[in-house]
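Visitor: Sharing query-v8.tsv, TSV, C-alpha atoms and all ligand atoms:
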chain	number	residue	atom	x	y	z
A	1073	MET	CA	-3.16	-27.59	-10.57
A	1074	SER	CA	-2.29	-24.24	-12.09
A	1075	ALA	CA	-3.07	-21.26	-9.92
A	1076	ARG	CA	-5.43	-18.48	-10.91
A	1077	ILE	CA	-3.40	-15.30	-11.36
A	1078	LEU	CA	-4.55	-12.38	-9.23
A	1079	ASP	CA	-3.72	-9.52	-11.56
A	1080	GLY	CA	-3.04	-6.32	-9.60
A	1081	ARG	CA	-3.00	-4.27	-12.81
A	1082	VAL	CA	-6.56	-5.31	-13.71
A	1083	ILE	CA	-7.94	-4.90	-10.20
A	1084	GLY	CA	-6.02	-1.64	-9.75
A	1085	LYS	CA	-7.38	-0.28	-13.04
A	1086	ALA	CA	-10.98	-0.94	-11.98
A	1087	ILE	CA	-10.39	0.85	-8.67
A	1088	ARG	CA	-8.62	3.74	-10.43
A	1089	ASN	CA	-11.54	4.12	-12.86
A	1090	ARG	CA	-13.90	4.43	-9.92
A	1091	THR	CA	-11.53	6.89	-8.18
A	1092	ARG	CA	-11.45	9.00	-11.34
A	1093	LEU	CA	-15.27	9.24	-11.29
A	1094	GLU	CA	-15.14	10.23	-7.61
A	1095	VAL	CA	-12.52	12.91	-8.32
A	1096	ASP	CA	-14.64	14.26	-11.20
A	1097	ASP	CA	-17.69	14.41	-8.94
A	1098	LEU	CA	-15.78	16.22	-6.19
A	1099	VAL	CA	-14.42	18.80	-8.63
A	1100	ARG	CA	-17.81	19.31	-10.31
A	1101	ILE	CA	-19.79	19.63	-7.09
A	1102	THR	CA	-17.32	21.48	-4.82
A	1103	GLY	CA	-14.64	22.95	-7.11
A	1104	VAL	CA	-11.98	21.26	-4.97
A	1105	VAL	CA	-9.27	19.34	-6.84
A	1106	PRO	CA	-7.63	16.65	-4.67
A	1107	GLY	CA	-3.94	17.50	-4.17
A	1108	LEU	CA	-0.99	15.30	-3.20
A	1109	ALA	CA	2.46	16.61	-2.25
A	1110	VAL	CA	5.34	14.17	-2.56
A	1111	ILE	CA	8.64	14.86	-0.81
A	1112	LEU	CA	11.71	13.16	-2.22
A	1113	ILE	CA	14.99	13.34	-0.32
A	1114	GLY	CA	18.29	12.28	-1.83
A	1115	ASP	CA	19.04	10.68	-5.16
A	1116	ASP	CA	18.08	7.01	-4.80
A	1117	PRO	CA	17.18	5.93	-8.37
A	1118	ALA	CA	14.53	3.42	-7.24
A	1119	SER	CA	12.79	6.07	-5.11
A	1120	ARG	CA	12.81	8.43	-8.08
A	1121	ILE	CA	11.08	5.80	-10.22
A	1122	TYR	CA	8.47	5.08	-7.51
A	1123	VAL	CA	7.75	8.81	-7.14
A	1124	ALA	CA	7.44	9.26	-10.92
A	1125	ASN	CA	4.94	6.34	-11.01
A	1126	LYS	CA	2.88	7.88	-8.23
A	1127	ILE	CA	2.79	11.28	-9.92
A	1128	ARG	CA	1.78	9.74	-13.24
A	1129	ALA	CA	-0.97	7.74	-11.53
A	1130	CYS	CA	-2.28	10.94	-9.87
A	1131	THR	CA	-2.46	12.69	-13.25
A	1132	ASP	CA	-4.37	9.72	-14.73
A	1133	VAL	CA	-7.21	10.06	-12.21
A	1134	GLY	CA	-7.28	13.87	-12.05
A	1135	ILE	CA	-5.43	14.32	-8.73
A	1136	ARG	CA	-3.14	17.36	-8.76
A	1137	SER	CA	0.33	16.44	-7.53
A	1138	SER	CA	3.53	18.29	-6.76
A	1139	MET	CA	6.99	17.01	-5.99
A	1140	ILE	CA	9.36	18.74	-3.58
A	1141	GLU	CA	12.96	17.58	-3.78
A	1142	TYR	CA	15.73	17.96	-1.22
A	1143	PRO	CA	19.37	16.89	-1.25
A	1144	LYS	CA	20.18	13.96	1.03
A	1145	ASP	CA	21.87	16.20	3.62
A	1146	VAL	CA	18.87	18.55	3.99
A	1147	PRO	CA	18.67	19.73	7.64
A	1148	ALA	CA	15.87	18.16	9.69
A	1149	ASP	CA	14.40	21.61	10.48
A	1150	THR	CA	14.03	22.45	6.79
A	1151	LEU	CA	12.17	19.19	6.22
A	1152	ILE	CA	9.86	19.61	9.19
A	1153	ASP	CA	9.15	23.26	8.22
A	1154	ALA	CA	8.21	22.15	4.70
A	1155	ILE	CA	5.86	19.48	6.09
A	1156	GLU	CA	4.25	22.01	8.43
A	1157	ARG	CA	3.66	24.42	5.55
A	1158	LEU	CA	1.99	21.63	3.60
A	1159	ASN	CA	-0.08	20.73	6.68
A	1160	ASP	CA	-1.45	24.30	6.60
A	1161	ASP	CA	-1.98	24.43	2.83
A	1162	PRO	CA	-5.70	23.98	2.00
A	1163	ALA	CA	-4.88	22.86	-1.56
A	1164	THR	CA	-2.77	19.93	-0.30
A	1165	HIS	CA	-4.91	17.06	0.99
A	1166	GLY	CA	-2.27	14.33	1.11
A	1167	ILE	CA	1.43	14.41	2.01
A	1168	LEU	CA	3.80	11.57	1.25
A	1169	VAL	CA	7.47	11.37	2.18
A	1170	GLN	CA	9.13	8.78	-0.04
A	1171	LEU	CA	10.93	6.11	2.00
A	1172	PRO	CA	13.57	5.02	2.70
A	1173	LEU	CA	15.12	8.26	3.94
A	1174	PRO	CA	18.90	8.69	3.78
A	1175	PRO	CA	20.36	7.02	6.92
A	1176	HIS	CA	20.98	10.00	9.24
A	1177	HIS	CA	17.33	11.18	9.11
A	1178	ASP	CA	14.94	10.41	11.96
A	1179	VAL	CA	12.15	8.68	10.01
A	1180	ARG	CA	9.77	8.69	12.95
A	1181	ALA	CA	10.10	12.44	13.55
A	1182	VAL	CA	9.50	13.12	9.86
A	1183	LEU	CA	6.48	10.84	9.56
A	1184	HIS	CA	4.91	12.11	12.76
A	1185	ALA	CA	5.19	15.72	11.56
A	1186	ILE	CA	2.62	14.97	8.86
A	1187	SER	CA	-0.92	15.91	9.90
A	1188	VAL	CA	-3.00	12.78	10.59
A	1189	GLU	CA	-5.65	14.09	8.17
A	1190	LYS	CA	-3.04	14.27	5.37
A	1191	ASP	CA	-1.17	11.05	6.19
A	1192	VAL	CA	-2.22	9.21	3.02
A	1193	ASP	CA	0.59	6.66	3.43
A	1194	GLY	CA	-0.91	5.65	6.78
A	1195	PHE	CA	2.37	5.77	8.72
A	1196	HIS	CA	1.48	8.34	11.40
A	1197	LEU	CA	1.27	6.93	14.96
A	1198	TYR	CA	-2.48	7.65	15.09
A	1199	ASN	CA	-3.13	5.71	11.90
A	1200	VAL	CA	-0.83	2.87	12.97
A	1201	GLY	CA	-2.53	2.71	16.40
A	1202	GLY	CA	-5.94	2.97	14.74
A	1203	LEU	CA	-5.27	-0.36	13.04
A	1204	VAL	CA	-5.30	-2.02	16.46
A	1205	VAL	CA	-8.69	-0.68	17.51
A	1206	GLY	CA	-10.21	-0.38	14.04
A	1207	ASP	CA	-10.70	3.35	13.54
A	1208	THR	CA	-7.72	4.27	11.42
A	1209	ILE	CA	-8.26	7.18	9.00
A	1210	PHE	CA	-5.86	5.96	6.33
A	1211	SER	CA	-4.59	2.40	6.02
A	1212	PRO	CA	-1.02	1.85	4.83
A	1213	CYS	CA	-1.15	1.42	1.07
A	1214	THR	CA	0.59	-1.94	0.55
A	1215	PRO	CA	-1.39	-4.07	3.04
A	1216	PHE	CA	-4.54	-2.12	2.06
A	1217	GLY	CA	-3.80	-3.15	-1.53
A	1218	VAL	CA	-3.47	-6.79	-0.48
A	1219	MET	CA	-6.87	-6.67	1.25
A	1220	ASN	CA	-8.39	-5.17	-1.89
A	1221	ILE	CA	-6.92	-7.92	-4.07
A	1222	LEU	CA	-8.44	-10.59	-1.80
A	1223	ASP	CA	-11.81	-8.83	-1.65
A	1224	HIS	CA	-12.00	-8.27	-5.39
A	1225	ALA	CA	-11.16	-11.91	-5.99
A	1226	ARG	CA	-13.86	-12.81	-3.43
A	1227	ILE	CA	-11.42	-14.76	-1.30
A	1228	PRO	CA	-12.85	-15.17	2.21
A	1229	ILE	CA	-10.65	-14.11	5.12
A	1230	GLU	CA	-12.75	-14.80	8.21
A	1231	GLY	CA	-11.63	-17.93	10.02
A	1232	ARG	CA	-8.75	-18.58	7.61
A	1233	ASN	CA	-5.21	-19.34	8.66
A	1234	VAL	CA	-3.09	-16.45	7.46
A	1235	THR	CA	0.69	-16.59	7.65
A	1236	ILE	CA	2.63	-13.39	7.04
A	1237	VAL	CA	6.33	-13.67	6.29
A	1238	GLY	CA	7.96	-10.34	7.14
A	1239	ALA	CA	7.21	-8.14	10.15
A	1240	SER	CA	8.15	-4.62	9.03
A	1241	ASN	CA	6.24	-1.55	10.19
A	1242	ILE	CA	5.09	-0.73	6.67
A	1243	VAL	CA	3.98	-4.17	5.45
A	1244	GLY	CA	4.04	-7.19	7.78
A	1245	LYS	CA	2.76	-5.70	11.05
A	1246	PRO	CA	-0.11	-3.62	9.60
A	1247	MET	CA	-1.00	-6.59	7.38
A	1248	ALA	CA	-1.32	-8.78	10.48
A	1249	LEU	CA	-3.57	-6.25	12.21
A	1250	MET	CA	-5.80	-5.87	9.16
A	1251	MET	CA	-6.16	-9.64	8.88
A	1252	MET	CA	-7.02	-9.87	12.60
A	1253	ARG	CA	-9.69	-7.21	12.14
A	1254	ARG	CA	-11.24	-9.55	9.59
A	1255	ASP	CA	-11.17	-12.48	12.05
A	1256	ALA	CA	-8.37	-14.46	10.45
A	1257	THR	CA	-6.03	-16.57	12.60
A	1258	VAL	CA	-2.69	-14.90	12.04
A	1259	ALA	CA	0.93	-16.04	12.36
A	1260	VAL	CA	3.70	-13.51	11.76
A	1261	CYS	CA	7.16	-14.79	10.80
A	1262	HIS	CA	10.43	-12.90	10.40
A	1263	ALA	CA	14.14	-13.40	9.94
A	1264	LYS	CA	14.51	-14.97	13.40
A	1265	THR	CA	11.65	-17.44	12.97
A	1266	ARG	CA	12.83	-21.02	13.41
A	1267	ASP	CA	11.62	-23.45	10.73
A	1268	LEU	CA	9.65	-21.02	8.58
A	1269	ALA	CA	8.01	-23.87	6.65
A	1270	GLN	CA	6.10	-25.15	9.69
A	1271	TYR	CA	4.16	-21.86	9.65
A	1272	THR	CA	3.83	-21.34	5.90
A	1273	ILE	CA	2.47	-24.87	5.35
A	1274	LEU	CA	-0.49	-24.09	7.64
A	1275	ALA	CA	-1.55	-21.04	5.66
A	1276	ASP	CA	-4.81	-20.83	3.72
A	1277	ILE	CA	-3.56	-17.36	2.77
A	1278	LEU	CA	0.20	-16.77	2.67
A	1279	VAL	CA	1.44	-13.17	2.42
A	1280	VAL	CA	5.17	-12.86	1.82
A	1281	ALA	CA	7.04	-9.56	2.31
A	1282	ALA	CA	10.63	-10.39	3.22
A	1283	GLY	CA	12.66	-9.09	0.28
A	1284	VAL	CA	14.37	-12.47	-0.29
A	1285	PRO	CA	14.08	-14.03	-3.77
A	1286	ASN	CA	12.94	-17.68	-3.83
A	1287	LEU	CA	12.30	-17.71	-0.08
A	1288	ILE	CA	9.03	-19.59	-0.54
A	1289	LEU	CA	9.35	-22.94	-2.32
A	1290	PRO	CA	6.49	-25.26	-3.34
A	1291	GLN	CA	7.09	-27.70	-0.47
A	1292	MET	CA	6.44	-24.85	1.99
A	1293	VAL	CA	2.97	-24.16	0.59
A	1294	ARG	CA	-0.26	-25.99	1.31
A	1295	THR	CA	-2.07	-27.33	-1.77
A	1296	GLY	CA	-4.79	-24.86	-2.72
A	1297	ALA	CA	-3.38	-21.95	-0.69
A	1298	VAL	CA	-3.76	-18.33	-1.80
A	1299	VAL	CA	-0.28	-16.83	-2.16
A	1300	ILE	CA	0.30	-13.06	-2.14
A	1301	ASP	CA	3.86	-12.07	-3.03
A	1302	VAL	CA	4.67	-8.54	-1.85
A	1303	GLY	CA	8.44	-8.84	-2.39
A	1304	ILE	CA	10.22	-6.86	-5.09
A	1305	ASN	CA	13.79	-7.97	-5.78
A	1306	ARG	CA	16.10	-7.00	-8.63
A	1307	LEU	CA	18.26	-9.98	-9.66
A	1308	PRO	CA	21.85	-9.50	-10.91
A	1309	ASP	CA	20.60	-10.21	-14.48
A	1310	GLY	CA	18.18	-7.26	-14.15
A	1311	ARG	CA	14.99	-9.32	-13.75
A	1312	LEU	CA	12.40	-8.21	-11.19
A	1313	VAL	CA	11.12	-11.07	-9.00
A	1314	GLY	CA	9.18	-11.50	-5.80
A	1315	ASP	CA	9.95	-13.66	-2.76
A	1316	VAL	CA	8.07	-16.70	-4.04
A	1317	ASP	CA	9.22	-19.35	-6.53
A	1318	PHE	CA	6.41	-18.35	-8.88
A	1319	GLU	CA	6.70	-21.26	-11.34
A	1320	GLY	CA	6.81	-23.97	-8.69
A	1321	VAL	CA	4.29	-22.48	-6.28
A	1322	SER	CA	1.77	-21.73	-9.10
A	1323	ARG	CA	1.43	-25.47	-9.59
A	1324	LYS	CA	0.34	-25.93	-5.98
A	1325	ALA	CA	-1.52	-22.76	-5.01
A	1326	SER	CA	-5.13	-21.98	-5.96
A	1327	CYS	CA	-4.39	-18.28	-6.52
A	1328	ILE	CA	-1.16	-16.30	-6.74
A	1329	THR	CA	-0.04	-12.73	-7.42
A	1330	PRO	CA	2.71	-12.21	-10.02
A	1331	VAL	CA	5.74	-9.93	-9.65
A	1332	PRO	CA	5.65	-7.51	-11.34
A	1333	GLY	CA	1.95	-6.84	-11.82
A	1334	GLY	CA	0.56	-8.03	-8.48
A	1335	VAL	CA	0.76	-6.03	-5.27
A	1336	GLY	CA	2.92	-3.22	-6.73
A	1337	PRO	CA	0.20	-1.55	-8.86
A	1338	MET	CA	-2.24	-1.94	-5.98
A	1339	THR	CA	0.03	0.01	-3.62
A	1340	VAL	CA	-0.06	3.03	-5.94
A	1341	THR	CA	-3.80	2.60	-6.45
A	1342	MET	CA	-4.46	2.72	-2.71
A	1343	LEU	CA	-2.46	5.94	-2.47
A	1344	LEU	CA	-4.91	7.46	-4.98
A	1345	VAL	CA	-7.88	6.12	-3.00
A	1346	ASN	CA	-6.47	7.57	0.24
A	1347	THR	CA	-5.75	10.96	-1.38
A	1348	MET	CA	-9.27	11.18	-2.79
A	1349	SER	CA	-10.63	10.24	0.62
A	1350	ALA	CA	-8.41	12.91	2.29
A	1351	ALA	CA	-9.77	15.58	-0.08
A	1352	ARG	CA	-13.34	14.53	0.59
A	1353	ARG	CA	-12.74	14.58	4.35
A	1354	PHE	CA	-11.24	18.09	4.01
A	1355	VAL	CA	-14.32	19.39	2.19
A	1356	GLU	CA	-16.68	17.77	4.69
A	1357	ARG	CA	-14.69	19.16	7.64
A	1358	THR	CA	-14.65	22.69	6.27
A	1359	ARG	CA	-18.02	22.90	4.51
A	1360	GLY	CA	-20.17	20.09	5.85
A	1361	PRO	CA	-21.41	16.88	4.20
A	1362	ILE	CA	-21.42	16.64	0.42
A	1363	LEU	CA	-23.68	14.45	-1.62
A	1364	THR	CA	-21.96	12.76	-4.53
A	1365	PRO	CA	-23.30	9.97	-6.74
A	1366	VAL	CA	-22.42	6.43	-5.73
A	1367	HIS	CA	-20.36	4.54	-8.30
A	1368	PRO	CA	-20.90	0.86	-7.69
A	1369	GLN	CA	-18.08	-1.30	-8.91
A	1370	ASP	CA	-18.75	-4.44	-10.85
A	1371	ILE	CA	-16.30	-6.76	-9.16
A	1372	THR	CA	-17.65	-9.87	-10.84
A	1373	GLN	CA	-15.55	-9.15	-13.93
A	1374	LEU	CA	-12.30	-8.92	-12.05
A	1375	ALA	CA	-9.38	-11.14	-11.17
A	1401	LIG	P1	11.99	-4.81	5.56
A	1401	LIG	O1	13.39	-5.11	5.20
A	1401	LIG	O2	11.65	-3.59	6.35
A	1401	LIG	O3	11.41	-6.06	6.37
A	1401	LIG	C1	11.62	-7.37	5.93
A	1401	LIG	C2	10.99	-8.34	6.91
A	1401	LIG	O4	11.22	-9.65	6.41
A	1401	LIG	C3	11.61	-8.28	8.30
A	1401	LIG	O5	10.61	-8.45	9.27
A	1401	LIG	C4	12.57	-9.46	8.31
A	1401	LIG	O6	12.74	-10.01	9.62
A	1401	LIG	C5	11.83	-10.45	7.41
A	1401	LIG	N1	12.75	-11.40	6.75
A	1401	LIG	C6	13.89	-11.13	6.11
A	1401	LIG	N2	14.48	-12.27	5.71
A	1401	LIG	C7	13.68	-13.28	6.11
A	1401	LIG	C8	13.75	-14.68	6.00
A	1401	LIG	N3	14.77	-15.29	5.42
A	1401	LIG	N4	12.74	-15.41	6.53
A	1401	LIG	C9	11.69	-14.82	7.13
A	1401	LIG	N5	11.57	-13.48	7.27
A	1401	LIG	C10	12.55	-12.73	6.76
A	1401	LIG	O7	11.18	-4.85	4.21
A	1401	LIG	P2	9.75	-4.24	3.77
A	1401	LIG	O8	9.88	-2.79	3.59
A	1401	LIG	O9	8.67	-4.79	4.63
A	1401	LIG	O10	9.63	-4.89	2.32
A	1401	LIG	C11	9.63	-6.30	2.14
A	1401	LIG	C12	9.63	-6.60	0.66
A	1401	LIG	O11	8.43	-6.09	0.10
A	1401	LIG	C13	10.76	-5.96	-0.13
A	1401	LIG	O12	11.10	-6.82	-1.21
A	1401	LIG	C14	10.14	-4.70	-0.67
A	1401	LIG	O13	10.76	-4.26	-1.87
A	1401	LIG	C15	8.74	-5.17	-0.94
A	1401	LIG	N6	7.74	-4.12	-0.92
A	1401	LIG	C16	6.87	-4.12	-1.93
A	1401	LIG	C17	5.87	-3.19	-1.97
A	1401	LIG	C18	4.90	-3.24	-3.10
A	1401	LIG	O14	4.22	-2.26	-3.35
A	1401	LIG	N7	4.77	-4.36	-3.78
A	1401	LIG	C19	5.76	-2.23	-0.96
A	1401	LIG	C20	6.66	-2.27	0.11
A	1401	LIG	C21	7.64	-3.24	0.13
So that I can check it, write out the structure of this file as structure tokens.
Ligand code: NAD
Guide:
Amino acid sequence: MSARILDGRVIGKAIRNRTRLEVDDLVRITGVVPGLAVILIGDDPASRIYVANKIRACTDVGIRSSMIEYPKDVPADTLIDAIERLNDDPATHGILVQLPLPPHHDVRAVLHAISVEKDVDGFHLYNVGGLVVGDTIFSPCTPFGVMNILDHARIPIEGRNVTIVGASNIVGKPMALMMMRRDATVAVCHAKTRDLAQYTILADILVVAAGVPNLILPQMVRTGAVVIDVGINRLPDGRLVGDVDFEGVSRKASCITPVPGGVGPMTVTMLLVNTMSAARRFVERTRGPILTPVHPQDITQLA
């Protein structure tokens, strides 16, 4: 068996095309241009690349973006003041603080300073808690991207065994909650899990977000499983790989996401979707409901 590749670039492009139409409609009908502010602290080269990608993606769909940079030793008050100014700025609909923050910063205090209505990364306590009861405003972009890949590929979730490897606040835990909302049976594994393979082998859908190259080998995967590789690891030879032995596991899985080109492009795409949604919510809150055309998406051509 050779797995069907779930191409995040193709799926992401279709969603971005639809987002562009929605942005155009919003601008034409209301005059409001969706705006995203990105805050970058310190000089981590990987963060700089991620931020540049996000800003480019915004431009591509017509979202106005701005980047605010601070040195890594910026005082906490300065950061919180900047976030509060952006919270009050009617032209800014989404605020994103690029993670990870330099070590001495209190990530929770920073993330919780962002207004819930502008929390397009979905990391505010309200949005995290909303995942439990099902009324979150913005879902965190990476697990939201995974759900979109599965839905676009028409992979059923209800009643499936889903194993998630990795239990971080930004990927594994929200992923588990989103899968539970869709009535999957969910197991969450982490670095302290004993005998990882006994959980992964049960999975109809295996989502891996550990940050460990080659963690998932073919003998750990059930024949015909759907494998979603969230991991991004830079090898000493410069190659970018996920957490899954792609070659080996592709021969056993029914569907698999590549790295690069799988979940990564979807994460950025969901940020655009959330920012557009934040702008729309802003207009509806301040001016009342707006009627925009519906742009159905032809998902039959995807994945
Ligand atoms: P993290 O370090 O915060 O969490 C890693 C999780 O994996 C932890 O729960 C840890 O216990 C678990 N883990 C580590 N080693 C393990 C092992 N040997 N067996 C089982 N579990 C193990 O990382 P994160 O921020 O959740 O990111 C995870 C990976 O996903 C990284 O490679 C990161 O670069 C990638 N990532 C990708 C995207 C994307 O858009 N594709 C977005 C976010 C993170």
Visitor: For A:Pro1330, which of A:Leu1312, A:Ile1135, A:Ala1351, A:Val1345 is the closest residue, counting only C-alpha atoms?
Guide: A:Leu1312
Visitor: Would you mind listing the residues within 10 Å of ligand LIG 1401 (chain A), counting all atoms listed in the file, as a PyMOL selection string?
Guide: chain A and resi 1080+1122+1171-1172+1212-1215+1217-1218+1236-1245+1260-1269+1280-1288+1300-1306+1313-1315+1331-1341
Visitor: Name all residues at most 10 Å from A:Arg1323 (count only C-alpha atoms; drop same-chain ones fewer than 4 positions away) and give them as a list in words.
Guide: Met1073, Ser1074, Ala1075, Arg1076, Pro1290, Thr1295, Gly1296, Phe1318, Glu1319, Cys1327 and Ile1328 of chain A
Visitor: Dump C-alpha atoms for the selected residues as a PDB file, in the coordinates of the input?
Guide:
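Output (selection07.pdb):
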ATOM      1  CA  MET A1073      -3.160 -27.590 -10.570  1.00  0.00           C
ATOM      2  CA  SER A1074      -2.290 -24.240 -12.090  1.00  0.00           C
ATOM      3  CA  ALA A1075      -3.070 -21.260  -9.920  1.00  0.00           C
ATOM      4  CA  ARG A1076      -5.430 -18.480 -10.910  1.00  0.00           C
ATOM      5  CA  PRO A1290       6.490 -25.260  -3.340  1.00  0.00           C
ATOM      6  CA  THR A1295      -2.070 -27.330  -1.770  1.00  0.00           C
ATOM      7  CA  GLY A1296      -4.790 -24.860  -2.720  1.00  0.00           C
ATOM      8  CA  PHE A1318       6.410 -18.350  -8.880  1.00  0.00           C
ATOM      9  CA  GLU A1319       6.700 -21.260 -11.340  1.00  0.00           C
ATOM     10  CA  CYS A1327      -4.390 -18.280  -6.520  1.00  0.00           C
ATOM     11  CA  ILE A1328      -1.160 -16.300  -6.740  1.00  0.00           C
TER      12      ILE A1328
END
Visitor: When you look at A:Phe1354 with a cut-off of 9 Å (counting all atoms listed in the file), what residues show up, excluding the ones that are within fewer than 5 positions of it in the same chain? I need them as a list in words.
Guide: Pro1162, His1165, Glu1189, Ser1349 and Arg1359 of chain A
Visitor: Could you jot down the atom CA of A:Thr1347 to atom CA of A:Ile1227 separation for me, Å, one decimal place?
Guide: 26.3 Å
Visitor: For stretch 1203-1206 of chain A, please output as a ChimeraX atom specification all residues within 12 Å (counting only C-alpha atoms; exclusion window: fewer than 5 positions along the same chain).
Guide: /A:1194-1198,1211-1212,1215-1216,1241,1245-1254
Visitor: What's around A:Leu1098 at 12 Å? Count all atoms listed in the file, leave out sequence neighbours fewer than 2 positions away in its own chain, and write the answer as a ChimeraX atom specification.
Guide: /A:1091-1096,1100-1106,1134-1135,1348-1356,1361-1366
Visitor: State, in Å with one decimal place, the distance from atom CA of A:Leu1168 to atom CA of A:Ser1138.
Guide: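 Interatomic distance, atom CA of A:Leu1168 to atom CA of A:Ser1138: 10.5 Å.
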Visitor: Using only C-alpha atoms, pick whichever of A:Ile1152, A:Leu1078, A:Val1298, A:Ala1225 has the shortest atom-to-atom distance to A:Arg1180.
Guide: A:Ile1152
Visitor: Calculated over only C-alpha atoms, which of the candidates A:Val1188, A:Met1219, A:Ile1229, A:Leu1274 has the smallest distance to A:Ile1155?
Guide: A:Val1188
Visitor: Please measure the separation of atom CA of A:Ile1167 and atom CA of A:Lys1190, giving the value in Å to one decimal.
Guide: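 Pair atom CA of A:Ile1167 / atom CA of A:Lys1190 returns 5.6 Å.
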Visitor: Got a sec: who's within 12 Å of A:Asn1089, counting only C-alpha atoms, leaving out chain neighbours fewer than 6 positions off, as a list of chain:residue names?
Guide: A:Arg1081, A:Val1082, A:Ile1083, A:Val1095, A:Asp1096, A:Ala1129, A:Cys1130, A:Asp1132, A:Val1133, A:Gly1134, A:Thr1341, A:Leu1344, A:Val1345, A:His1367, A:Pro1368, A:Gln1369, A:Asp1370
Visitor: Which residue gives the smallest distance to A:Thr1164 among A:Gly1107, A:Pro1117, A:Ala1181, A:Phe1210, with only C-alpha atoms counted?
Guide: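 Residue with the minimum atom-to-atom distance to A:Thr1164: A:Gly1107.
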Visitor: Nearest to A:Ile1121 among A:Gln1170, A:Ala1163, A:Tyr1142, A:Ser1187, with distances taken over all atoms listed in the file: which residue is it?
Guide: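 Of A:Gln1170, A:Ala1163, A:Tyr1142, A:Ser1187, the one nearest A:Ile1121, counting all atoms listed in the file, is A:Gln1170.
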